[in-house]
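Okay, final.cif now, which holds mmCIF, C-alpha atoms:
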data_structure
#
loop_
_atom_site.label_atom_id
_atom_site.label_comp_id
_atom_site.auth_asym_id
_atom_site.auth_seq_id
_atom_site.Cartn_x
_atom_site.Cartn_y
_atom_site.Cartn_z
CA MET Y 1 83.72 113.15 85.86
CA GLN Y 2 86.16 113.52 83.00
CA THR Y 3 88.21 116.21 81.38
CA THR Y 4 89.92 115.48 78.08
CA LEU Y 5 93.49 115.90 76.94
CA SER Y 6 92.26 117.37 73.62
CA SER Y 7 95.12 117.91 71.15
CA GLN Y 8 97.77 116.64 73.56
CA ARG Y 9 96.54 113.07 73.52
CA ASP Y 10 97.74 112.34 69.98
CA GLN Y 11 101.40 112.77 70.94
CA ILE Y 12 101.31 110.53 74.02
CA ASN Y 13 103.21 107.25 73.66
CA PHE Y 14 104.23 106.60 77.27
CA LEU Y 15 101.79 105.92 80.11
CA ILE Y 16 103.34 105.72 83.57
CA PHE Y 17 101.13 104.51 86.41
CA ASP Y 18 101.33 105.06 90.12
CA LEU Y 19 99.98 102.01 91.94
CA ASP Y 20 98.23 102.95 95.16
CA GLY Y 21 94.94 104.71 94.62
CA VAL Y 22 95.21 104.03 90.88
CA ILE Y 23 95.31 100.24 90.59
CA THR Y 24 95.83 98.94 94.12
CA SER Y 25 94.11 100.13 97.27
CA GLU Y 26 96.13 101.79 100.05
CA GLN Y 27 93.97 100.29 102.77
CA LYS Y 28 96.55 97.70 103.78
CA TYR Y 29 99.18 100.43 104.15
CA TRP Y 30 96.89 102.65 106.22
CA ASN Y 31 96.05 99.71 108.46
CA THR Y 32 99.75 98.94 108.85
CA ALA Y 33 100.43 102.55 109.83
CA ARG Y 34 97.63 102.38 112.40
CA LEU Y 35 99.03 99.23 113.97
CA THR Y 36 102.53 100.68 114.10
CA VAL Y 37 101.42 103.88 115.83
CA TRP Y 38 99.22 101.89 118.24
CA GLU Y 39 102.17 99.64 119.14
CA LEU Y 40 104.61 102.50 119.73
CA MET Y 41 102.14 104.39 121.92
CA THR Y 42 100.61 101.55 123.94
CA GLN Y 43 102.85 98.50 124.14
CA PRO Y 44 105.27 97.87 127.03
CA ASP Y 45 108.35 97.65 124.79
CA TYR Y 46 107.77 101.31 123.89
CA LEU Y 47 105.79 104.02 125.71
CA GLY Y 48 103.39 101.57 127.34
CA LEU Y 49 100.46 104.01 127.53
CA THR Y 50 97.99 101.14 127.45
CA HIS Y 51 94.74 103.08 127.20
CA TYR Y 52 95.95 106.05 125.20
CA PHE Y 53 93.60 105.23 122.29
CA GLY Y 54 90.84 103.98 124.58
CA GLU Y 55 90.40 100.96 126.80
CA ALA Y 56 88.86 98.87 124.03
CA LEU Y 57 91.85 98.95 121.66
CA THR Y 58 93.85 96.13 123.20
CA GLN Y 59 94.42 93.84 120.20
CA PRO Y 60 95.41 94.40 116.54
CA HIS Y 61 92.02 93.37 115.13
CA LEU Y 62 90.29 95.85 117.44
CA VAL Y 63 92.64 98.62 116.29
CA LEU Y 64 91.67 97.97 112.69
CA ALA Y 65 87.98 97.78 113.52
CA ASP Y 66 88.16 101.34 114.88
CA GLY Y 67 90.93 102.79 112.74
CA GLN Y 68 89.85 106.42 113.17
CA GLN Y 69 91.08 106.31 116.77
CA THR Y 70 94.72 105.96 115.76
CA ILE Y 71 94.93 107.68 112.37
CA SER Y 72 91.94 109.62 111.11
CA ASN Y 73 90.90 109.82 107.49
CA THR Y 74 91.29 113.58 107.73
CA PHE Y 75 94.96 113.24 108.64
CA ILE Y 76 95.59 110.88 105.71
CA TYR Y 77 93.85 113.25 103.33
CA GLU Y 78 95.85 116.22 104.58
CA LEU Y 79 99.17 114.44 104.05
CA LYS Y 80 98.21 113.43 100.53
CA ARG Y 81 97.01 116.96 99.78
CA ARG Y 82 100.41 118.27 100.93
CA ALA Y 83 102.21 115.97 98.43
CA ILE Y 84 103.43 113.54 101.09
CA ASN Y 85 103.10 110.14 99.48
CA SER Y 86 105.03 107.81 101.78
CA ASN Y 87 103.12 105.62 104.22
CA TRP Y 88 106.28 105.45 106.32
CA ASP Y 89 106.21 109.24 106.56
CA LEU Y 90 102.52 109.03 107.47
CA THR Y 91 103.36 106.68 110.35
CA TYR Y 92 106.25 108.85 111.52
CA PHE Y 93 104.16 112.02 111.38
CA VAL Y 94 101.23 110.62 113.33
CA PHE Y 95 103.46 109.20 116.05
CA CYS Y 96 105.53 112.38 116.38
CA LEU Y 97 102.45 114.60 116.59
CA HIS Y 98 100.64 112.40 119.13
CA LEU Y 99 103.80 112.37 121.20
CA ALA Y 100 104.21 116.13 120.87
CA GLY Y 101 100.72 116.55 122.32
CA LEU Y 102 101.65 114.32 125.25
CA LEU Y 103 104.92 116.11 125.88
CA GLN Y 104 103.27 119.52 125.77
CA GLN Y 105 100.88 118.39 128.49
CA PHE Y 106 103.78 116.97 130.48
CA GLN Y 107 105.53 120.32 130.12
CA GLN Y 108 102.47 122.14 131.49
CA CYS Y 109 101.43 119.70 134.22
CA ALA Y 110 104.83 118.81 135.66
CA PRO Y 111 107.28 121.57 134.70
CA GLU Y 112 109.97 120.49 137.17
CA GLN Y 113 109.93 116.87 135.99
CA TRP Y 114 109.89 118.08 132.42
CA SER Y 115 112.86 120.37 132.96
CA HIS Y 116 114.80 117.47 134.47
CA LEU Y 117 113.86 115.09 131.66
CA GLN Y 118 113.94 117.44 128.69
CA GLY Y 119 117.64 117.31 127.95
CA LYS Y 120 117.66 113.53 128.26
CA VAL Y 121 114.92 112.73 125.75
CA ASN Y 122 116.46 110.90 122.80
CA LEU Y 123 113.69 109.32 120.79
CA ALA Y 124 116.14 107.62 118.44
CA HIS Y 125 116.99 105.15 121.21
CA PRO Y 126 114.06 102.83 122.06
CA GLU Y 127 115.71 101.76 125.32
CA GLN Y 128 114.88 105.23 126.69
CA TRP Y 129 111.23 104.96 125.76
CA GLN Y 130 110.20 102.93 128.77
CA THR Y 131 111.67 105.57 131.07
CA LEU Y 132 109.80 108.29 129.22
CA GLY Y 133 106.64 106.17 129.30
CA GLN Y 134 106.89 105.79 133.07
CA HIS Y 135 106.93 109.57 133.47
CA LEU Y 136 103.98 109.98 131.12
CA GLN Y 137 101.89 107.27 132.79
CA GLY Y 138 101.71 109.28 135.98
CA LEU Y 139 99.75 112.10 134.38
CA ASN Y 140 96.14 112.43 133.24
CA PHE Y 141 96.04 113.36 129.59
CA ASP Y 142 93.39 115.05 127.54
CA PRO Y 143 93.31 113.43 124.07
CA LYS Y 144 92.00 116.70 122.63
CA VAL Y 145 95.41 118.25 123.24
CA SER Y 146 96.95 115.90 120.68
CA GLU Y 147 94.22 116.91 118.25
CA SER Y 148 95.04 120.58 118.79
CA THR Y 149 98.76 119.86 118.40
CA ILE Y 150 98.11 118.23 115.02
CA ALA Y 151 95.92 121.17 113.98
CA GLN Y 152 98.67 123.56 115.07
CA PHE Y 153 101.23 121.69 112.96
CA TRP Y 154 99.04 121.88 109.86
CA GLN Y 155 98.46 125.57 110.42
CA GLU Y 156 102.17 126.30 110.75
CA THR Y 157 102.92 124.39 107.53
CA ILE Y 158 99.99 125.70 105.53
CA ASP Y 159 102.21 126.94 102.69
CA LEU Y 160 104.54 123.92 102.62
CA LYS Y 161 104.47 120.82 100.42
CA GLY Y 162 106.53 117.69 99.94
CA ALA Y 163 109.87 117.38 101.69
CA ALA Y 164 109.46 120.79 103.30
CA VAL Y 165 106.57 119.42 105.39
CA THR Y 166 108.60 116.36 106.36
CA GLU Y 167 111.51 118.49 107.48
CA TYR Y 168 109.34 120.88 109.51
CA ILE Y 169 108.56 118.30 112.19
CA ASN Y 170 112.07 118.84 113.57
CA GLN Y 171 111.57 122.60 113.78
CA PHE Y 172 108.16 122.03 115.38
CA TYR Y 173 109.70 119.94 118.16
CA GLN Y 174 112.54 122.41 118.66
CA THR Y 175 110.20 125.42 118.82
CA HIS Y 176 107.48 124.00 121.06
CA LEU Y 177 109.37 121.47 123.18
CA GLY Y 178 113.04 122.39 123.00
CA ILE Y 179 113.81 118.86 121.77
CA THR Y 180 115.96 118.01 118.78
CA LEU Y 181 114.66 115.04 116.83
CA SER Y 182 117.02 112.98 114.74
CA ALA Y 183 117.61 114.15 111.18
CA ALA Y 184 114.99 113.42 108.54
CA HIS Y 185 114.89 109.68 107.97
CA GLY Y 186 117.14 109.28 111.01
CA GLY Y 187 116.84 106.99 114.02
CA LEU Y 188 113.21 107.62 114.99
CA TRP Y 189 111.99 107.49 111.39
CA GLU Y 190 113.96 104.28 110.90
CA LEU Y 191 112.32 102.74 113.98
CA CYS Y 192 108.86 103.58 112.60
CA TYR Y 193 109.89 102.14 109.24
CA GLN Y 194 111.21 98.87 110.69
CA ASN Y 195 108.09 98.30 112.81
CA PHE Y 196 105.85 99.21 109.88
CA GLN Y 197 107.53 96.63 107.66
CA ALA Y 198 107.33 93.98 110.38
CA TRP Y 199 103.56 94.49 110.65
CA TYR Y 200 103.11 94.61 106.88
CA GLU Y 201 105.09 91.42 106.32
CA GLY Y 202 103.30 89.52 109.12
CA ARG Y 203 106.32 89.31 111.42
CA LYS Y 204 104.36 90.56 114.43
CA GLY Y 205 102.15 87.48 114.63
CA PHE Y 206 99.22 89.17 112.90
CA THR Y 207 98.26 88.80 109.25
CA LEU Y 208 96.76 91.79 107.50
CA PRO Y 209 94.24 91.26 104.68
CA ASP Y 210 95.88 91.10 101.25
CA ASP Y 211 96.10 94.03 98.85
CA GLU Y 212 92.82 94.97 97.18
CA THR Y 213 92.25 96.79 93.92
CA VAL Y 214 90.45 100.12 93.61
CA LEU Y 215 88.20 98.70 90.89
CA ASP Y 216 86.95 95.25 90.09
CA LEU Y 217 89.96 93.31 88.81
CA ALA Y 218 88.20 92.47 85.54
CA GLN Y 219 87.70 96.19 84.85
CA ILE Y 220 91.39 96.90 85.41
CA LYS Y 221 92.48 94.04 83.16
CA ASN Y 222 90.07 95.13 80.45
CA THR Y 223 91.40 98.70 80.56
CA LEU Y 224 95.06 97.63 80.39
CA GLN Y 225 94.21 95.25 77.55
CA ILE Y 226 92.59 98.07 75.57
CA LEU Y 227 95.73 100.18 76.02
CA ASP Y 228 97.92 97.25 75.03
CA ASP Y 229 95.80 96.46 71.96
CA ALA Y 230 96.11 100.06 70.77
CA LYS Y 231 99.81 99.35 69.98
CA ARG Y 232 100.63 102.98 70.73
CA TYR Y 233 101.79 102.99 74.32
CA THR Y 234 104.59 101.74 76.51
CA LEU Y 235 103.15 101.08 79.97
CA ALA Y 236 105.40 101.75 82.96
CA ILE Y 237 105.12 101.99 86.76
CA ALA Y 238 106.61 104.65 89.06
CA THR Y 239 105.68 104.06 92.69
CA GLY Y 240 106.83 104.60 96.24
CA ARG Y 241 106.30 100.93 97.07
CA PRO Y 242 109.30 98.62 97.61
CA ARG Y 243 109.94 96.34 94.64
CA ASN Y 244 108.74 93.13 96.28
CA GLU Y 245 105.46 94.89 97.19
CA VAL Y 246 104.99 95.67 93.51
CA ILE Y 247 106.03 92.47 91.78
CA GLU Y 248 104.30 90.03 94.14
CA PRO Y 249 100.78 91.57 94.22
CA LEU Y 250 100.77 92.45 90.50
CA THR Y 251 101.84 88.90 89.68
CA ALA Y 252 99.13 87.48 91.92
CA LEU Y 253 96.55 89.77 90.29
CA GLY Y 254 97.67 88.81 86.78
CA LEU Y 255 98.59 92.41 85.88
CA LEU Y 256 102.39 92.42 85.78
CA SER Y 257 102.69 91.34 82.13
CA TYR Y 258 101.07 94.55 80.88
CA PHE Y 259 104.04 96.65 82.01
CA ASP Y 260 107.52 96.94 80.50
CA PRO Y 261 109.69 95.10 83.07
CA GLN Y 262 112.58 97.53 82.54
CA ARG Y 263 110.33 100.44 83.38
CA ILE Y 264 109.03 99.41 86.79
CA VAL Y 265 110.60 101.90 89.19
CA THR Y 266 110.13 101.45 92.93
CA TYR Y 267 111.39 102.70 96.28
CA ASP Y 268 114.34 100.32 95.94
CA GLU Y 269 115.71 102.41 93.07
CA VAL Y 270 115.10 105.58 95.07
CA LEU Y 271 117.09 104.27 98.04
CA ASP Y 272 119.91 103.07 95.82
CA ALA Y 273 120.23 106.46 94.13
CA GLU Y 274 120.01 108.32 97.43
CA SER Y 275 122.82 106.23 98.91
CA HIS Y 276 125.06 106.84 95.89
CA LEU Y 277 124.34 110.53 95.38
CA SER Y 278 123.99 111.83 98.94
CA THR Y 279 126.84 113.21 100.99
CA ASP Y 280 127.04 114.04 104.69
CA GLN Y 281 126.73 117.71 103.80
CA ALA Y 282 124.02 117.29 101.16
CA PRO Y 283 121.65 114.35 101.74
CA LEU Y 284 119.23 113.82 98.86
CA LYS Y 285 115.60 112.78 99.10
CA LEU Y 286 114.41 111.44 95.75
CA GLY Y 287 110.97 110.08 96.62
CA LYS Y 288 107.92 111.78 95.15
CA PRO Y 289 107.20 114.63 94.62
CA HIS Y 290 110.78 114.63 93.30
CA PRO Y 291 110.51 113.50 89.65
CA PHE Y 292 113.24 110.84 90.00
CA VAL Y 293 110.94 107.80 89.63
CA LEU Y 294 109.36 109.15 86.44
CA LEU Y 295 112.68 110.08 84.85
CA LYS Y 296 114.14 106.70 85.81
CA ALA Y 297 111.22 104.93 84.09
CA LEU Y 298 111.76 106.96 80.92
CA HIS Y 299 115.54 107.17 80.60
CA LEU Y 300 117.02 103.74 81.12
CA ASP Y 301 120.63 104.56 80.29
CA VAL Y 302 121.01 107.99 81.88
CA ASP Y 303 123.13 108.47 85.03
CA PRO Y 304 120.69 109.10 87.94
CA ALA Y 305 122.76 112.14 88.95
CA VAL Y 306 121.47 113.85 85.81
CA PHE Y 307 117.88 113.45 87.07
CA CYS Y 308 118.66 115.94 89.83
CA THR Y 309 119.53 118.77 87.44
CA GLU Y 310 116.87 121.35 86.61
CA ALA Y 311 117.90 121.50 82.97
CA PHE Y 312 117.18 117.78 82.53
CA GLN Y 313 113.96 117.88 84.55
CA ASN Y 314 112.64 120.85 82.56
CA ARG Y 315 112.76 119.14 79.18
CA ASP Y 316 109.49 118.82 77.30
CA ARG Y 317 108.07 115.34 77.85
CA THR Y 318 104.48 115.90 76.77
CA ASP Y 319 104.61 112.55 74.99
CA VAL Y 320 104.39 111.05 78.50
CA ALA Y 321 101.41 110.98 80.88
CA TYR Y 322 101.68 110.05 84.55
CA ILE Y 323 98.51 108.65 86.11
CA GLY Y 324 98.20 109.22 89.86
CA ASP Y 325 95.75 109.97 92.64
CA ALA Y 326 97.67 112.36 94.88
CA ALA Y 327 99.17 115.83 94.92
CA SER Y 328 102.68 114.37 94.89
CA ASP Y 329 101.92 112.61 91.60
CA VAL Y 330 100.85 115.84 89.92
CA VAL Y 331 103.86 117.74 91.26
CA ALA Y 332 106.26 115.00 90.12
CA ALA Y 333 104.71 114.98 86.65
CA LYS Y 334 104.91 118.76 86.29
CA ARG Y 335 108.52 118.83 87.53
CA SER Y 336 109.52 116.26 84.92
CA GLY Y 337 107.82 117.97 81.98
CA CYS Y 338 105.20 115.20 81.69
CA LEU Y 339 101.45 115.45 81.40
CA SER Y 340 99.46 114.64 84.54
CA ILE Y 341 96.27 112.58 84.67
CA GLY Y 342 94.53 112.55 88.06
CA VAL Y 343 92.20 109.74 89.09
CA LEU Y 344 89.54 109.93 91.79
CA THR Y 345 89.86 106.35 93.03
CA GLY Y 346 92.35 107.29 95.72
CA PHE Y 347 91.53 108.62 99.15
CA THR Y 348 88.20 110.45 98.81
CA ALA Y 349 86.19 109.05 101.71
CA THR Y 350 85.99 112.31 103.66
CA ARG Y 351 86.06 114.81 100.80
CA ALA Y 352 83.64 115.78 98.08
CA LYS Y 353 84.62 114.90 94.53
CA ALA Y 354 84.53 118.56 93.54
CA GLU Y 355 87.19 119.33 96.16
CA GLN Y 356 89.42 116.55 94.83
CA VAL Y 357 89.08 117.85 91.28
CA GLN Y 358 89.84 121.39 92.41
CA MET Y 359 92.97 120.21 94.21
CA PHE Y 360 94.20 118.54 91.03
CA MET Y 361 93.46 121.57 88.89
CA ASP Y 362 95.11 123.99 91.33
CA LEU Y 363 98.30 121.92 90.98
CA GLY Y 364 98.20 122.08 87.19
CA CYS Y 365 96.82 118.61 86.46
CA ASP Y 366 96.10 118.24 82.74
CA CYS Y 367 93.19 115.82 82.98
CA VAL Y 368 90.99 114.36 85.73
CA ILE Y 369 89.05 111.10 85.35
CA ASP Y 370 86.96 109.03 87.72
CA SER Y 371 89.20 105.97 87.34
CA ILE Y 372 91.60 104.36 84.89
CA GLN Y 373 88.54 102.77 83.29
CA ALA Y 374 87.97 106.19 81.66
CA LEU Y 375 91.58 106.39 80.44
CA PRO Y 376 91.03 104.94 76.93
CA GLN Y 377 88.28 107.47 76.22
CA ALA Y 378 90.42 110.33 77.59
CA LEU Y 379 93.19 109.21 75.22
CA GLY Y 380 90.81 109.09 72.26
CA ILE Y 381 90.86 105.31 71.85
CA GLU Y 382 87.71 104.23 70.07
CA PRO Y 383 86.00 101.18 71.54
CA THR Y 384 86.15 98.09 69.33
#

Could you take the file, read its structure, and then write that structure out as structure tokens?
Amino acid sequence: MQTTLSSQRDQINFLIFDLDGVITSEQKYWNTARLTVWELMTQPDYLGLTHYFGEALTQPHLVLADGQQTISNTFIYELKRRAINSNWDLTYFVFCLHLAGLLQQFQQCAPEQWSHLQGKVNLAHPEQWQTLGQHLQGLNFDPKVSESTIAQFWQETIDLKGAAVTEYINQFYQTHLGITLSAAHGGLWELCYQNFQAWYEGRKGFTLPDDETVLDLAQIKNTLQILDDAKRYTLAIATGRPRNEVIEPLTALGLLSYFDPQRIVTYDEVLDAESHLSTDQAPLKLGKPHPFVLLKALHLDVDPAVFCTEAFQNRDRTDVAYIGDAASDVVAAKRSGCLSIGVLTGFTATRAKAEQVQMFMDLGCDCVIDSIQALPQALGIEPT
């Protein structure tokens, strides 16, 4: 599969790459999310619902061996299709929706207990989780209810994308359960984030397999070398990964030297800008699909506050192409005036290729290729 950039390709001199699904695989992140949700649902320090995901899932390696039980491929695909690109948000969403299914059943099966407990549920404080877990353990739950709760959430947010989906989880809880969750990226999200990082970094006594690449490493190196040899392009990175999770694996893979070190923009820069630009009245969220990471990679000396203005975002930047695998990548590219190149090496396990291509095209993607291996040809670089 390939569509060409036709006349646009001759003006391109900047190539900005997302990492996950483009160069590196997201499998380690998905596995980390699965372990985090499993821990929060089943372990005694949290809800303690030991058999919630089935009696067999008692150890981390068993969770990973049957990953569909905790986070299905369909759920991952739906988040990516909705331009949600953060694996921390993925973790938070899955946990919140599983828990919503449980609480809805609690509400129906034990209305008096629920009424007594409802006003006291504060999920931002883990010390209250064991109490909540004790109430939940006394009931027989139908796992299909959680599935229907997740389906209900997707239906209610069918027209939403990006941050609007993230923010809707609070309204969902308020509408269906009468519970107010903490603000977006508040206490409960932070708890999911901290546990996610502990699993990812091996601080839970379990070592996840290292990062993989979406193609054979030699193919990736060959492609980047062709682009470098063309002497036409500056190669940059704009990703939602933390900086150490960019520099370390790319160094180990021997890929870091292909990219301009000043133009590697990560979640660290997003957090720094959010902390400086947000106020109590107007918190900012600058992760993709916001175009911040792309604009930061392009404009080294511009005040990040300028990146939030529509006039600056709407400038013509068709000399720049952003290569990504998800809806959030296309949206970010379009919002920054850049060209968008979609690759099909991301999450496609449960979807036909034609559906992936259609998703890209519906979002305004300028070019779709099977993998970055087809990028030189799409750019009109003749093989030597």

Do a neighbour search on Thr180 in chain Y at 7 Å with all atoms listed in the file, toss out local chain neighbours closer than 6 positions, and write the hits as a CSV table (one decimal) with C-alpha atoms, keeping the file's coordinate frame.
chain,number,residue,atom,x,y,z
Y,170,ASN,CA,112.1,118.8,113.6
Y,173,TYR,CA,109.7,119.9,118.2
Y,174,GLN,CA,112.5,122.4,118.7

- [ ] Quote the spacing between CA of Cys192 in chain Y and CA of Cys308 in chain Y in Å to one decimal place.
- [x]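 Straight-line distance from CA of Cys192 in chain Y to CA of Cys308 in chain Y works out to 27.7 Å.
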
Taking (97.0, 90.7, 89.2) as a centre in this file's frame and 10 Å as the limit, can you find every polymer residue with an atom that close, using all atoms listed in the file, and give them as a PDB file with C-alpha atoms, in the coordinates of the input?
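Full text of selection_2.pdb as output:
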ATOM      1  CA  ILE Y  23      95.310 100.240  90.590  1.00  0.00           C
ATOM      2  CA  THR Y  24      95.830  98.940  94.120  1.00  0.00           C
ATOM      3  CA  GLU Y 212      92.820  94.970  97.180  1.00  0.00           C
ATOM      4  CA  THR Y 213      92.250  96.790  93.920  1.00  0.00           C
ATOM      5  CA  LEU Y 217      89.960  93.310  88.810  1.00  0.00           C
ATOM      6  CA  ALA Y 218      88.200  92.470  85.540  1.00  0.00           C
ATOM      7  CA  ILE Y 220      91.390  96.900  85.410  1.00  0.00           C
ATOM      8  CA  LYS Y 221      92.480  94.040  83.160  1.00  0.00           C
ATOM      9  CA  ILE Y 247     106.030  92.470  91.780  1.00  0.00           C
ATOM     10  CA  GLU Y 248     104.300  90.030  94.140  1.00  0.00           C
ATOM     11  CA  PRO Y 249     100.780  91.570  94.220  1.00  0.00           C
ATOM     12  CA  LEU Y 250     100.770  92.450  90.500  1.00  0.00           C
ATOM     13  CA  THR Y 251     101.840  88.900  89.680  1.00  0.00           C
ATOM     14  CA  ALA Y 252      99.130  87.480  91.920  1.00  0.00           C
ATOM     15  CA  LEU Y 253      96.550  89.770  90.290  1.00  0.00           C
ATOM     16  CA  GLY Y 254      97.670  88.810  86.780  1.00  0.00           C
ATOM     17  CA  LEU Y 255      98.590  92.410  85.880  1.00  0.00           C
ATOM     18  CA  LEU Y 256     102.390  92.420  85.780  1.00  0.00           C
ATOM     19  CA  SER Y 257     102.690  91.340  82.130  1.00  0.00           C
TER      20      SER Y 257
END

Task: Matched chain/residue IDs from the PyMOL selection byres ((chain Y and resi 79-95) around 6), as a list in words - done: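 Taken on the displayed file, the PyMOL selection byres ((chain Y and resi 79-95) around 6) yields the residues Ala33, Val37, Ile76, Tyr77, Glu78, Cys96, Leu97, His98, Lys161, Gly162, Trp189, Cys192, Tyr193, Ala326, Ala327 and Ser328 of chain Y.
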
- [ ] Name the residues in contact with Pro60 in chain Y at a cut-off of 9 Å, using all atoms listed in the file, excluding same-chain residues fewer than 6 positions from it; report them as a list in words.
- [x]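 Using all atoms listed in the file, the neighbours found are Leu35, Trp38, Glu39 and Phe206 of chain Y.
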
TODO: For CA of Ala151 in chain Y and CA of Val368 in chain Y, quote the distance in Å rounded to one decimal.
DONE: 29.5 Å

TODO: Give me, please, the distance in Å between CA of Thr239 in chain Y and CA of Leu19 in chain Y, quoted to one decimal.
DONE: 6.1 Å

TODO: Determine the residue set returned by the PyMOL selection byres ((chain Y and resi 109) around 12) for the present structure, and present it as number ranges by chain.
DONE: Y: 102-108, 110-115, 135-136, 138-142

Task: Given the PyMOL selection byres ((chain Y and resi 25) around 10), the residues it picks as a PyMOL selection string - done: chain Y and resi 19-24+26-30+211-215+345-347

Task: Residue nearest Gln134 in chain Y among Y:Asp45, Y:Glu274, Y:Asp303, Y:Glu382 (counting only C-alpha atoms) - done: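 Using only C-alpha atoms, the shortest distance to Gln134 in chain Y belongs to Y:Asp45.
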
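Across Y:Pro209, Y:Leu132, Y:Phe14, Y:Gly287, the tightest approach to Thr166 in chain Y is made by Y:Gly287 when counting all atoms listed in the file.
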
TODO: Find the residue from Y:Val165, Y:Ala305, Y:Leu339, Y:Leu298 that sits nearest to Asp272 in chain Y; use all atoms listed in the file when measuring.
DONE: Y:Ala305

TODO: Find, counting all atoms listed in the file, the residue in Y:Thr36, Y:Gln262, Y:Thr131, Y:Thr74 that gets nearest to Leu191 in chain Y.
DONE: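 Between Y:Thr36, Y:Gln262, Y:Thr131, Y:Thr74, the residue approaching Leu191 in chain Y most closely is Y:Thr36.
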
Please, could N, CA and C atoms be added to range 332-347 of chain Y and the result written as a PDB file, keeping the file's coordinate frame?
ATOM      1  N   ALA Y 332     105.168 115.740  90.762  1.00  0.00           N
ATOM      2  CA  ALA Y 332     106.260 115.000  90.120  1.00  0.00           C
ATOM      3  C   ALA Y 332     106.140 115.057  88.602  1.00  0.00           C
ATOM      4  N   ALA Y 333     104.918 114.919  88.096  1.00  0.00           N
ATOM      5  CA  ALA Y 333     104.710 114.980  86.650  1.00  0.00           C
ATOM      6  C   ALA Y 333     105.085 116.355  86.098  1.00  0.00           C
ATOM      7  N   LYS Y 334     104.630 117.403  86.755  1.00  0.00           N
ATOM      8  CA  LYS Y 334     104.910 118.760  86.290  1.00  0.00           C
ATOM      9  C   LYS Y 334     106.412 119.051  86.339  1.00  0.00           C
ATOM     10  N   ARG Y 335     107.088 118.558  87.385  1.00  0.00           N
ATOM     11  CA  ARG Y 335     108.520 118.830  87.530  1.00  0.00           C
ATOM     12  C   ARG Y 335     109.362 118.044  86.530  1.00  0.00           C
ATOM     13  N   SER Y 336     108.777 117.042  85.910  1.00  0.00           N
ATOM     14  CA  SER Y 336     109.520 116.260  84.920  1.00  0.00           C
ATOM     15  C   SER Y 336     109.104 116.583  83.496  1.00  0.00           C
ATOM     16  N   GLY Y 337     108.258 117.581  83.320  1.00  0.00           N
ATOM     17  CA  GLY Y 337     107.820 117.970  81.980  1.00  0.00           C
ATOM     18  C   GLY Y 337     106.794 117.060  81.367  1.00  0.00           C
ATOM     19  N   CYS Y 338     106.205 116.157  82.186  1.00  0.00           N
ATOM     20  CA  CYS Y 338     105.200 115.200  81.690  1.00  0.00           C
ATOM     21  C   CYS Y 338     103.791 115.762  81.862  1.00  0.00           C
ATOM     22  N   LEU Y 339     102.854 115.171  81.171  1.00  0.00           N
ATOM     23  CA  LEU Y 339     101.450 115.450  81.400  1.00  0.00           C
ATOM     24  C   LEU Y 339     100.996 114.712  82.662  1.00  0.00           C
ATOM     25  N   SER Y 340      99.988 115.243  83.312  1.00  0.00           N
ATOM     26  CA  SER Y 340      99.460 114.640  84.540  1.00  0.00           C
ATOM     27  C   SER Y 340      97.998 114.291  84.364  1.00  0.00           C
ATOM     28  N   ILE Y 341      97.670 113.034  84.683  1.00  0.00           N
ATOM     29  CA  ILE Y 341      96.270 112.580  84.670  1.00  0.00           C
ATOM     30  C   ILE Y 341      95.916 112.172  86.100  1.00  0.00           C
ATOM     31  N   GLY Y 342      94.956 112.868  86.699  1.00  0.00           N
ATOM     32  CA  GLY Y 342      94.530 112.550  88.060  1.00  0.00           C
ATOM     33  C   GLY Y 342      93.328 111.631  88.051  1.00  0.00           C
ATOM     34  N   VAL Y 343      93.352 110.635  88.938  1.00  0.00           N
ATOM     35  CA  VAL Y 343      92.200 109.740  89.090  1.00  0.00           C
ATOM     36  C   VAL Y 343      91.583 109.935  90.468  1.00  0.00           C
ATOM     37  N   LEU Y 344      90.286 109.684  90.562  1.00  0.00           N
ATOM     38  CA  LEU Y 344      89.540 109.930  91.790  1.00  0.00           C
ATOM     39  C   LEU Y 344      89.278 108.660  92.581  1.00  0.00           C
ATOM     40  N   THR Y 345      90.045 107.613  92.312  1.00  0.00           N
ATOM     41  CA  THR Y 345      89.860 106.350  93.030  1.00  0.00           C
ATOM     42  C   THR Y 345      90.754 106.241  94.256  1.00  0.00           C
ATOM     43  N   GLY Y 346      91.505 107.300  94.544  1.00  0.00           N
ATOM     44  CA  GLY Y 346      92.350 107.290  95.720  1.00  0.00           C
ATOM     45  C   GLY Y 346      91.551 107.627  96.957  1.00  0.00           C
ATOM     46  N   PHE Y 347      92.173 108.363  97.868  1.00  0.00           N
ATOM     47  CA  PHE Y 347      91.530 108.620  99.150  1.00  0.00           C
ATOM     48  C   PHE Y 347      90.536 109.760  99.041  1.00  0.00           C
TER      49      PHE Y 347
END
